[in-house]
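Undergrad: Structure file upload09.cif (mmCIF, C-alpha atoms) right here:
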```cif
data_input
loop_
_atom_site.group_PDB
_atom_site.id
_atom_site.type_symbol
_atom_site.label_atom_id
_atom_site.label_comp_id
_atom_site.auth_asym_id
_atom_site.auth_seq_id
_atom_site.Cartn_x
_atom_site.Cartn_y
_atom_site.Cartn_z
ATOM 1 C CA LYS A 164 0.000 0.000 0.000
ATOM 2 C CA ALA A 165 1.453 3.386 -0.981
ATOM 3 C CA GLY A 166 2.085 5.836 1.824
ATOM 4 C CA VAL A 167 0.965 9.421 2.189
ATOM 5 C CA THR A 168 2.453 11.611 -0.505
ATOM 6 C CA GLN A 169 2.919 15.357 -0.415
ATOM 7 C CA THR A 170 3.800 17.681 -3.233
ATOM 8 C CA PRO A 171 5.871 19.657 -3.681
ATOM 9 C CA ARG A 172 8.570 18.618 -1.228
ATOM 10 C CA TYR A 173 10.272 22.002 -1.241
ATOM 11 C CA LEU A 174 8.982 25.430 -2.062
ATOM 12 C CA ILE A 175 10.447 28.925 -1.985
ATOM 13 C CA LYS A 176 8.103 31.885 -2.123
ATOM 14 C CA THR A 177 8.283 35.598 -1.396
ATOM 15 C CA ARG A 178 6.193 37.602 1.019
ATOM 16 C CA GLY A 179 2.732 38.416 -0.245
ATOM 17 C CA GLN A 180 2.514 35.438 -2.580
ATOM 18 C CA GLN A 181 0.174 32.532 -2.094
ATOM 19 C CA VAL A 182 0.917 28.821 -2.100
ATOM 20 C CA THR A 183 -1.013 25.585 -2.517
ATOM 21 C CA LEU A 184 0.219 22.324 -1.030
ATOM 22 C CA SER A 185 -1.158 18.936 -1.950
ATOM 23 C CA CYS A 186 -1.596 15.717 -0.002
ATOM 24 C CA SER A 187 -2.668 12.283 -1.210
ATOM 25 C CA PRO A 188 -3.700 10.011 1.666
ATOM 26 C CA ILE A 189 -3.333 6.277 1.919
ATOM 27 C CA SER A 190 -5.953 4.513 -0.151
ATOM 28 C CA GLY A 191 -9.102 3.988 1.914
ATOM 29 C CA HIS A 192 -8.297 6.690 4.452
ATOM 30 C CA ARG A 193 -10.981 9.322 4.723
ATOM 31 C CA SER A 194 -9.388 11.699 7.206
ATOM 32 C CA VAL A 195 -6.638 14.124 6.290
ATOM 33 C CA SER A 196 -5.070 16.429 8.866
ATOM 34 C CA TRP A 197 -2.561 19.199 8.329
ATOM 35 C CA TYR A 198 0.116 20.376 10.754
ATOM 36 C CA GLN A 199 2.662 23.158 10.761
ATOM 37 C CA GLN A 200 6.034 22.432 12.345
ATOM 38 C CA THR A 201 8.476 25.184 13.279
ATOM 39 C CA PRO A 202 11.445 25.191 15.678
ATOM 40 C CA GLY A 203 9.761 27.801 17.859
ATOM 41 C CA GLN A 204 6.161 26.583 18.018
ATOM 42 C CA GLY A 205 6.629 22.877 17.433
ATOM 43 C CA LEU A 206 3.881 20.836 15.800
ATOM 44 C CA GLN A 207 0.659 22.772 15.539
ATOM 45 C CA PHE A 208 -2.636 21.483 14.216
ATOM 46 C CA LEU A 209 -4.059 23.384 11.257
ATOM 47 C CA PHE A 210 -7.223 21.522 10.269
ATOM 48 C CA GLU A 211 -8.752 18.143 9.625
ATOM 49 C CA TYR A 212 -10.953 17.066 6.748
ATOM 50 C CA PHE A 213 -13.140 13.983 6.677
ATOM 51 C CA SER A 214 -15.381 13.060 3.749
ATOM 52 C CA GLU A 215 -14.828 16.468 2.144
ATOM 53 C CA THR A 216 -15.923 18.366 5.274
ATOM 54 C CA GLN A 217 -13.717 20.346 7.601
ATOM 55 C CA ARG A 218 -14.192 18.651 10.978
ATOM 56 C CA ASN A 219 -11.770 20.620 13.082
ATOM 57 C CA LYS A 220 -9.662 23.740 12.878
ATOM 58 C CA GLY A 221 -6.649 25.006 14.802
ATOM 59 C CA ASN A 222 -5.816 28.546 15.847
ATOM 60 C CA PHE A 223 -4.500 29.897 12.588
ATOM 61 C CA PRO A 224 -5.581 33.041 10.714
ATOM 62 C CA GLY A 225 -7.991 32.889 7.816
ATOM 63 C CA ARG A 226 -5.060 33.091 5.381
ATOM 64 C CA PHE A 227 -4.748 29.356 5.954
ATOM 65 C CA SER A 228 -7.437 27.337 4.245
ATOM 66 C CA GLY A 229 -7.930 23.873 2.912
ATOM 67 C CA ARG A 230 -10.231 21.528 1.127
ATOM 68 C CA GLN A 231 -10.720 17.857 0.469
ATOM 69 C CA PHE A 232 -11.857 16.240 -2.741
ATOM 70 C CA SER A 233 -14.140 13.254 -3.270
ATOM 71 C CA ASN A 234 -11.108 10.955 -3.667
ATOM 72 C CA SER A 235 -9.888 12.135 -0.209
ATOM 73 C CA ARG A 236 -6.954 14.069 -1.643
ATOM 74 C CA SER A 237 -6.510 17.361 0.150
ATOM 75 C CA GLU A 238 -4.988 20.721 -0.552
ATOM 76 C CA MET A 239 -4.094 23.542 1.755
ATOM 77 C CA ASN A 240 -3.631 27.114 0.675
ATOM 78 C CA VAL A 241 -1.823 29.956 2.358
ATOM 79 C CA SER A 242 -2.469 33.424 0.994
ATOM 80 C CA THR A 243 -0.497 36.623 1.533
ATOM 81 C CA LEU A 244 2.551 34.749 2.775
ATOM 82 C CA GLU A 245 4.509 36.111 5.728
ATOM 83 C CA LEU A 246 8.065 35.320 6.797
ATOM 84 C CA GLY A 247 6.678 33.474 9.805
ATOM 85 C CA ASP A 248 4.897 31.002 7.542
ATOM 86 C CA SER A 249 8.234 29.373 6.769
ATOM 87 C CA ALA A 250 7.828 25.871 8.144
ATOM 88 C CA LEU A 251 7.540 22.180 7.455
ATOM 89 C CA TYR A 252 3.924 21.436 6.575
ATOM 90 C CA LEU A 253 2.918 17.888 7.368
ATOM 91 C CA CYS A 254 -0.112 16.016 6.189
ATOM 92 C CA ALA A 255 -1.418 12.915 7.913
ATOM 93 C CA SER A 256 -4.157 10.485 7.001
ATOM 94 C CA SER A 257 -6.142 8.002 9.051
ATOM 95 C CA GLN A 258 -9.093 5.705 8.539
ATOM 96 C CA GLY A 259 -11.224 7.504 11.080
ATOM 97 C CA LEU A 260 -11.172 10.888 12.729
ATOM 98 C CA ALA A 261 -7.847 11.936 14.258
ATOM 99 C CA GLY A 262 -9.505 12.510 17.624
ATOM 100 C CA GLY A 263 -10.527 8.866 17.865
ATOM 101 C CA HIS A 264 -8.459 5.723 18.376
ATOM 102 C CA ASN A 265 -6.845 6.066 15.002
ATOM 103 C CA GLU A 266 -3.186 5.880 14.121
ATOM 104 C CA GLN A 267 -2.109 8.721 11.884
ATOM 105 C CA PHE A 268 0.168 8.113 8.914
ATOM 106 C CA PHE A 269 2.320 11.083 8.005
ATOM 107 C CA GLY A 270 3.700 12.196 4.687
ATOM 108 C CA PRO A 271 7.297 13.441 4.291
ATOM 109 C CA GLY A 272 6.191 17.080 4.484
ATOM 110 C CA THR A 273 6.558 20.162 2.340
ATOM 111 C CA ARG A 274 9.333 22.517 3.372
ATOM 112 C CA LEU A 275 8.127 26.067 2.683
ATOM 113 C CA THR A 276 10.575 28.951 2.799
ATOM 114 C CA VAL A 277 9.234 32.493 2.583
ATOM 115 C CA LEU A 278 11.766 35.171 1.610
ATOM 116 C CA SER B 886 -0.542 26.043 23.574
ATOM 117 C CA GLN B 887 0.552 22.431 23.698
ATOM 118 C CA GLN B 888 -1.375 19.762 25.515
ATOM 119 C CA GLY B 889 1.605 17.517 26.095
ATOM 120 C CA GLU B 890 4.980 18.440 27.490
ATOM 121 C CA GLU B 891 7.899 16.076 27.138
ATOM 122 C CA ASP B 892 10.728 15.647 29.582
ATOM 123 C CA PRO B 893 13.643 15.730 29.063
ATOM 124 C CA GLN B 894 13.927 17.978 26.025
ATOM 125 C CA ALA B 895 17.093 16.171 24.994
ATOM 126 C CA LEU B 896 18.732 12.879 25.910
ATOM 127 C CA SER B 897 22.130 11.467 24.995
ATOM 128 C CA ILE B 898 22.918 7.804 25.662
ATOM 129 C CA GLN B 899 25.289 5.057 24.560
ATOM 130 C CA GLU B 900 24.179 2.281 22.265
ATOM 131 C CA GLY B 901 22.764 -0.585 24.304
ATOM 132 C CA GLU B 902 21.473 1.618 27.110
ATOM 133 C CA ASN B 903 17.816 2.246 27.808
ATOM 134 C CA ALA B 904 16.154 5.585 27.053
ATOM 135 C CA THR B 905 13.194 6.870 29.020
ATOM 136 C CA MET B 906 11.174 9.937 28.234
ATOM 137 C CA ASN B 907 8.063 11.316 29.877
ATOM 138 C CA CYS B 908 5.006 13.175 28.718
ATOM 139 C CA SER B 909 2.586 15.170 30.830
ATOM 140 C CA TYR B 910 -0.742 16.507 29.629
ATOM 141 C CA LYS B 911 -3.450 18.765 30.966
ATOM 142 C CA THR B 912 -6.937 17.554 30.064
ATOM 143 C CA SER B 913 -8.686 14.195 30.029
ATOM 144 C CA ILE B 914 -7.900 12.068 26.994
ATOM 145 C CA ASN B 915 -9.249 9.201 24.901
ATOM 146 C CA ASN B 916 -5.786 7.974 24.054
ATOM 147 C CA LEU B 917 -2.154 8.958 23.979
ATOM 148 C CA GLN B 918 0.144 8.211 21.072
ATOM 149 C CA TRP B 919 3.903 8.263 20.589
ATOM 150 C CA TYR B 920 5.555 9.204 17.318
ATOM 151 C CA ARG B 921 9.143 9.301 16.079
ATOM 152 C CA GLN B 922 10.585 11.848 13.668
ATOM 153 C CA ASN B 923 13.937 11.568 11.940
ATOM 154 C CA SER B 924 15.707 14.786 10.911
ATOM 155 C CA GLY B 925 12.721 16.996 10.076
ATOM 156 C CA ARG B 926 10.934 14.353 8.047
ATOM 157 C CA GLY B 927 7.480 12.881 8.479
ATOM 158 C CA LEU B 928 6.429 11.331 11.757
ATOM 159 C CA VAL B 929 6.146 7.597 12.260
ATOM 160 C CA HIS B 930 3.542 6.178 14.619
ATOM 161 C CA LEU B 931 4.992 4.005 17.390
ATOM 162 C CA ILE B 932 2.275 3.125 19.880
ATOM 163 C CA LEU B 933 -1.283 4.136 20.793
ATOM 164 C CA ILE B 934 -2.426 3.554 24.365
ATOM 165 C CA ARG B 935 -6.052 4.056 25.327
ATOM 166 C CA SER B 936 -7.122 5.837 28.480
ATOM 167 C CA ASN B 937 -8.277 2.562 30.065
ATOM 168 C CA GLU B 938 -4.908 0.870 29.483
ATOM 169 C CA ARG B 939 -1.925 1.154 31.793
ATOM 170 C CA GLU B 940 0.906 -0.408 29.834
ATOM 171 C CA LYS B 941 1.627 -1.452 26.282
ATOM 172 C CA HIS B 942 4.588 -3.076 24.563
ATOM 173 C CA SER B 943 5.791 -3.112 20.986
ATOM 174 C CA GLY B 944 9.147 -4.737 20.314
ATOM 175 C CA ARG B 945 11.749 -2.767 22.274
ATOM 176 C CA LEU B 946 9.218 -0.094 23.208
ATOM 177 C CA ARG B 947 7.246 0.046 26.435
ATOM 178 C CA VAL B 948 4.670 2.725 27.121
ATOM 179 C CA THR B 949 2.919 3.380 30.408
ATOM 180 C CA LEU B 950 -0.008 5.646 31.086
ATOM 181 C CA ASP B 951 -1.096 7.056 34.441
ATOM 182 C CA THR B 952 -4.318 8.984 33.931
ATOM 183 C CA SER B 953 -4.473 10.012 37.602
ATOM 184 C CA LYS B 954 -1.176 11.858 37.171
ATOM 185 C CA LYS B 955 -1.904 12.794 33.537
ATOM 186 C CA SER B 956 1.420 11.394 32.450
ATOM 187 C CA SER B 957 2.947 8.773 30.186
ATOM 188 C CA SER B 958 6.394 7.367 29.680
ATOM 189 C CA LEU B 959 8.128 5.797 26.707
ATOM 190 C CA LEU B 960 10.974 3.362 27.346
ATOM 191 C CA ILE B 961 13.265 2.238 24.542
ATOM 192 C CA THR B 962 15.316 -0.749 25.640
ATOM 193 C CA ALA B 963 18.717 -1.732 24.252
ATOM 194 C CA SER B 964 18.925 1.404 22.142
ATOM 195 C CA ARG B 965 20.586 1.461 18.733
ATOM 196 C CA ALA B 966 22.135 4.274 16.704
ATOM 197 C CA ALA B 967 19.089 4.056 14.421
ATOM 198 C CA ASP B 968 16.889 5.118 17.363
ATOM 199 C CA THR B 969 18.414 8.602 17.126
ATOM 200 C CA ALA B 970 15.384 10.798 16.463
ATOM 201 C CA SER B 971 12.887 13.137 18.066
ATOM 202 C CA TYR B 972 10.050 11.491 19.942
ATOM 203 C CA PHE B 973 6.673 13.153 20.380
ATOM 204 C CA CYS B 974 3.694 12.315 22.486
ATOM 205 C CA ALA B 975 0.266 13.282 21.193
ATOM 206 C CA THR B 976 -3.049 13.250 22.975
ATOM 207 C CA ALA B 977 -6.549 12.899 21.610
ATOM 208 C CA GLY B 978 -9.773 13.573 23.388
ATOM 209 C CA LYS B 979 -12.980 15.527 23.511
ATOM 210 C CA ALA B 980 -11.629 17.880 26.172
ATOM 211 C CA ALA B 981 -8.863 18.958 23.783
ATOM 212 C CA GLY B 982 -11.241 19.585 20.928
ATOM 213 C CA ASN B 983 -11.131 16.110 19.344
ATOM 214 C CA LYS B 984 -7.873 16.837 17.598
ATOM 215 C CA LEU B 985 -4.471 15.260 17.992
ATOM 216 C CA THR B 986 -2.296 17.629 20.025
ATOM 217 C CA PHE B 987 1.477 17.156 20.103
ATOM 218 C CA GLY B 988 4.010 17.902 22.775
ATOM 219 C CA GLY B 989 7.335 19.621 22.191
ATOM 220 C CA GLY B 990 9.279 16.414 21.742
ATOM 221 C CA THR B 991 12.379 14.788 23.188
ATOM 222 C CA ARG B 992 15.516 14.708 21.031
ATOM 223 C CA VAL B 993 17.326 11.425 21.556
ATOM 224 C CA LEU B 994 20.918 10.873 20.478
ATOM 225 C CA VAL B 995 22.235 7.328 20.629
ATOM 226 C CA LYS B 996 26.007 7.258 20.368
ATOM 227 C CA PRO B 997 27.640 4.163 18.844
#
```
Show the structure stored in the file as structure tokens.
TA:
Amino acid sequence: KAGVTQTPRYLIKTRGQQVTLSCSPISGHRSVSWYQQTPGQGLQFLFEYFSETQRNKGNFPGRFSGRQFSNSRSEMNVSTLELGDSALYLCASSQGLAGGHNEQFFGPGTRLTVL
Amino acid sequence: SQQGEEDPQALSIQEGENATMNCSYKTSINNLQWYRQNSGRGLVHLILIRSNEREKHSGRLRVTLDTSKKSSSLLITASRAADTASYFCATAGKAAGNKLTFGGGTRVLVKP
């Protein structure tokens, strides 16, 4: 079974631009969660999608948004990029909701650098 | 804010020794999970322990959970250089908004 894939793996953008990151979950998994990881703040939850619906959202500004498609693939978008958005963005999939007794499978992440 | 806090923040041991790290959390949970991360890559799930369980084993890993103290420990026995990584605890539960919340992690260095 193929693992969680994320594209692109690396991205360099400038302030004010927007970016779209993509995540393909493990086949059969309906939940996709996104996390931001930085040295200062650690791993922070962004949002979770399940069956194309956002089920949970972290404490991030509205510049961060996401969506999930009928095949469970998910995208997240960050608009008006700021220097502080530089981070490793991780996607994780699970069979059920992340808040339940479900192991999460993580992708390799997208390293975003904002200049 | 983070639900889980790991202790110690960093740990350096010799190959063959045991490594123990602890995680404390603040609210009631459904389960607690441990993950490993190598060099800023994706996380790998190690163990999930439910709130009604006290101890769980997986290979060289042993996890305990004390819900009365809101704490968990991860023991890696007979460590190997390949165990060098960051280890994170994560909690899930209604009280924390039904999302998986990660601690700050423990960086483990296993010297050959």
Undergrad: Apply the PyMOL selection byres ((chain A and resi 170) around 10) to the displayed file and report the matching residues as a PDB file with C-alpha atoms, in the coordinates of the input.
TA:
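result.pdb, written as the output of this step:
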```pdb
ATOM      1  CA  THR A 168       2.453  11.611  -0.505  1.00  0.00           C
ATOM      2  CA  GLN A 169       2.919  15.357  -0.415  1.00  0.00           C
ATOM      3  CA  PRO A 171       5.871  19.657  -3.681  1.00  0.00           C
ATOM      4  CA  ARG A 172       8.570  18.618  -1.228  1.00  0.00           C
ATOM      5  CA  TYR A 173      10.272  22.002  -1.241  1.00  0.00           C
ATOM      6  CA  LEU A 174       8.982  25.430  -2.062  1.00  0.00           C
ATOM      7  CA  THR A 183      -1.013  25.585  -2.517  1.00  0.00           C
ATOM      8  CA  LEU A 184       0.219  22.324  -1.030  1.00  0.00           C
ATOM      9  CA  SER A 185      -1.158  18.936  -1.950  1.00  0.00           C
ATOM     10  CA  CYS A 186      -1.596  15.717  -0.002  1.00  0.00           C
ATOM     11  CA  SER A 187      -2.668  12.283  -1.210  1.00  0.00           C
ATOM     12  CA  GLU A 238      -4.988  20.721  -0.552  1.00  0.00           C
ATOM     13  CA  GLY A 270       3.700  12.196   4.687  1.00  0.00           C
ATOM     14  CA  PRO A 271       7.297  13.441   4.291  1.00  0.00           C
ATOM     15  CA  GLY A 272       6.191  17.080   4.484  1.00  0.00           C
ATOM     16  CA  THR A 273       6.558  20.162   2.340  1.00  0.00           C
ATOM     17  CA  ARG A 274       9.333  22.517   3.372  1.00  0.00           C
TER      18      ARG A 274
END
```
Undergrad: What does the structure give for the distance between atom CA of Gly179 of chain A and atom CA of Arg218 of chain A, in Å to one decimal?
TA: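 For atom CA of Gly179 of chain A relative to atom CA of Arg218 of chain A, the distance reads 28.3 Å.
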Undergrad: Find the residues near Asn265 of chain A: any atom within 12 Å, counting all atoms listed in the file, skip ones fewer than 3 places away on the same chain, and give them as a PyMOL selection string.
TA: (chain A and resi 192-195+255-262+268) or (chain B and resi 915-918+930+932-935+975-978+983-985)
Undergrad: Compare A:Met239, A:Val182, A:Leu278, A:Leu209 by their minimum atom-to-atom distance to chain B, counting all atoms listed in the file, and give me the closest one.
TA: A:Leu209
Undergrad: Written as a list in words, which residues does the PyMOL selection byres ((chain B and resi 954-964) around 6) give for the file shown?
TA: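 That expression, the PyMOL selection byres ((chain B and resi 954-964) around 6), corresponds here to Glu900, Gly901, Glu902, Asn903, Ala904, Thr905, Met906, Asn907, Cys908, Ser909, Tyr910, Arg945, Leu946, Arg947, Val948, Thr949, Leu950, Asp951, Thr952, Ser953 and Arg965 of chain B.
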Undergrad: Excluding Phe973 of chain B and residues on its chain fewer than 3 positions from it, collect all residues at most 6 Å away from it, counting only C-alpha atoms, and give them as a list in words.
TA: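 Here the qualifying residues turn out to be Trp919, Tyr920, Gly988 and Gly990 of chain B.
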Undergrad: On this structure, which residues satisfy the PyMOL selection byres ((chain A and resi 231) around 8), written as a list of chain:residue names?
TA: A:Tyr212, A:Phe213, A:Ser214, A:Glu215, A:Thr216, A:Gly229, A:Arg230, A:Phe232, A:Ser233, A:Ser235, A:Arg236, A:Ser237, A:Glu238
Undergrad: Go ahead and fit an axis-aligned box to every listed atom of segment 235-239 of chain A plus 5 Å each side, and pass me the centre and edge lengths in Å, one decimal, as AutoDock Vina command-line options.
TA:
```
--center_x -7.0 --center_y 17.8 --center_z 0.1 --size_x 15.8 --size_y 21.4 --size_z 13.4
```
Undergrad: What's the separation between atom CA of Arg921 of chain B and atom CA of Ser249 of chain A, in Å to one decimal place?
TA: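 Value for the atom CA of Arg921 of chain B-atom CA of Ser249 of chain A distance: 22.1 Å.
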Undergrad: Do you have the atom CA of Pro202 of chain A-atom CA of Gly925 of chain B distance handy?
TA: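 According to the coordinates, atom CA of Pro202 of chain A and atom CA of Gly925 of chain B are separated by 10.0 Å.
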Undergrad: Looking at only C-alpha atoms, which of B:Lys941, B:Thr991, B:Val929, B:Ser936 is the one that sits closest to chain A?
TA: B:Val929
Undergrad: From the list A:Leu244, A:Ala250, A:Ile189, A:Ile175, which residue is nearest chain B when using only C-alpha atoms?
TA: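 Closest to chain B, using only C-alpha atoms: A:Ala250.
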Undergrad: For chain B, which residue out of A:Ser190, A:Gly221, A:Phe269, A:Thr177 is the nearest one, using all atoms listed in the file?
TA: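 Distance minimum relative to chain B lands on A:Phe269.
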Undergrad: Please list as a PDB file with C-alpha atoms, in the coordinates of the input every residue within 6 Å of Gln922 of chain B, counting only C-alpha atoms and excluding residues in the same chain fewer than 2 positions away.
TA:
```pdb
ATOM      1  CA  LEU B 928       6.429  11.331  11.757  1.00  0.00           C
ATOM      2  CA  ALA B 970      15.384  10.798  16.463  1.00  0.00           C
ATOM      3  CA  SER B 971      12.887  13.137  18.066  1.00  0.00           C
TER       4      SER B 971
END
```
Undergrad: Contacts of Asn222 of chain A at 10 Å or less, counting all atoms listed in the file, minus same-chain residues fewer than 6 places along, as a list in words?
TA: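 Surrounding residues, per the criterion: Gln207, Phe208, Leu209 and Phe210 of chain A; Ser886 of chain B.
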Undergrad: Just checking: using all atoms listed in the file, which residue out of B:Lys996, B:Thr969, B:Gly927, B:Gly982 ends up closest to chain A?
TA: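 The shortest atom-to-atom distance to chain A comes from B:Gly927.
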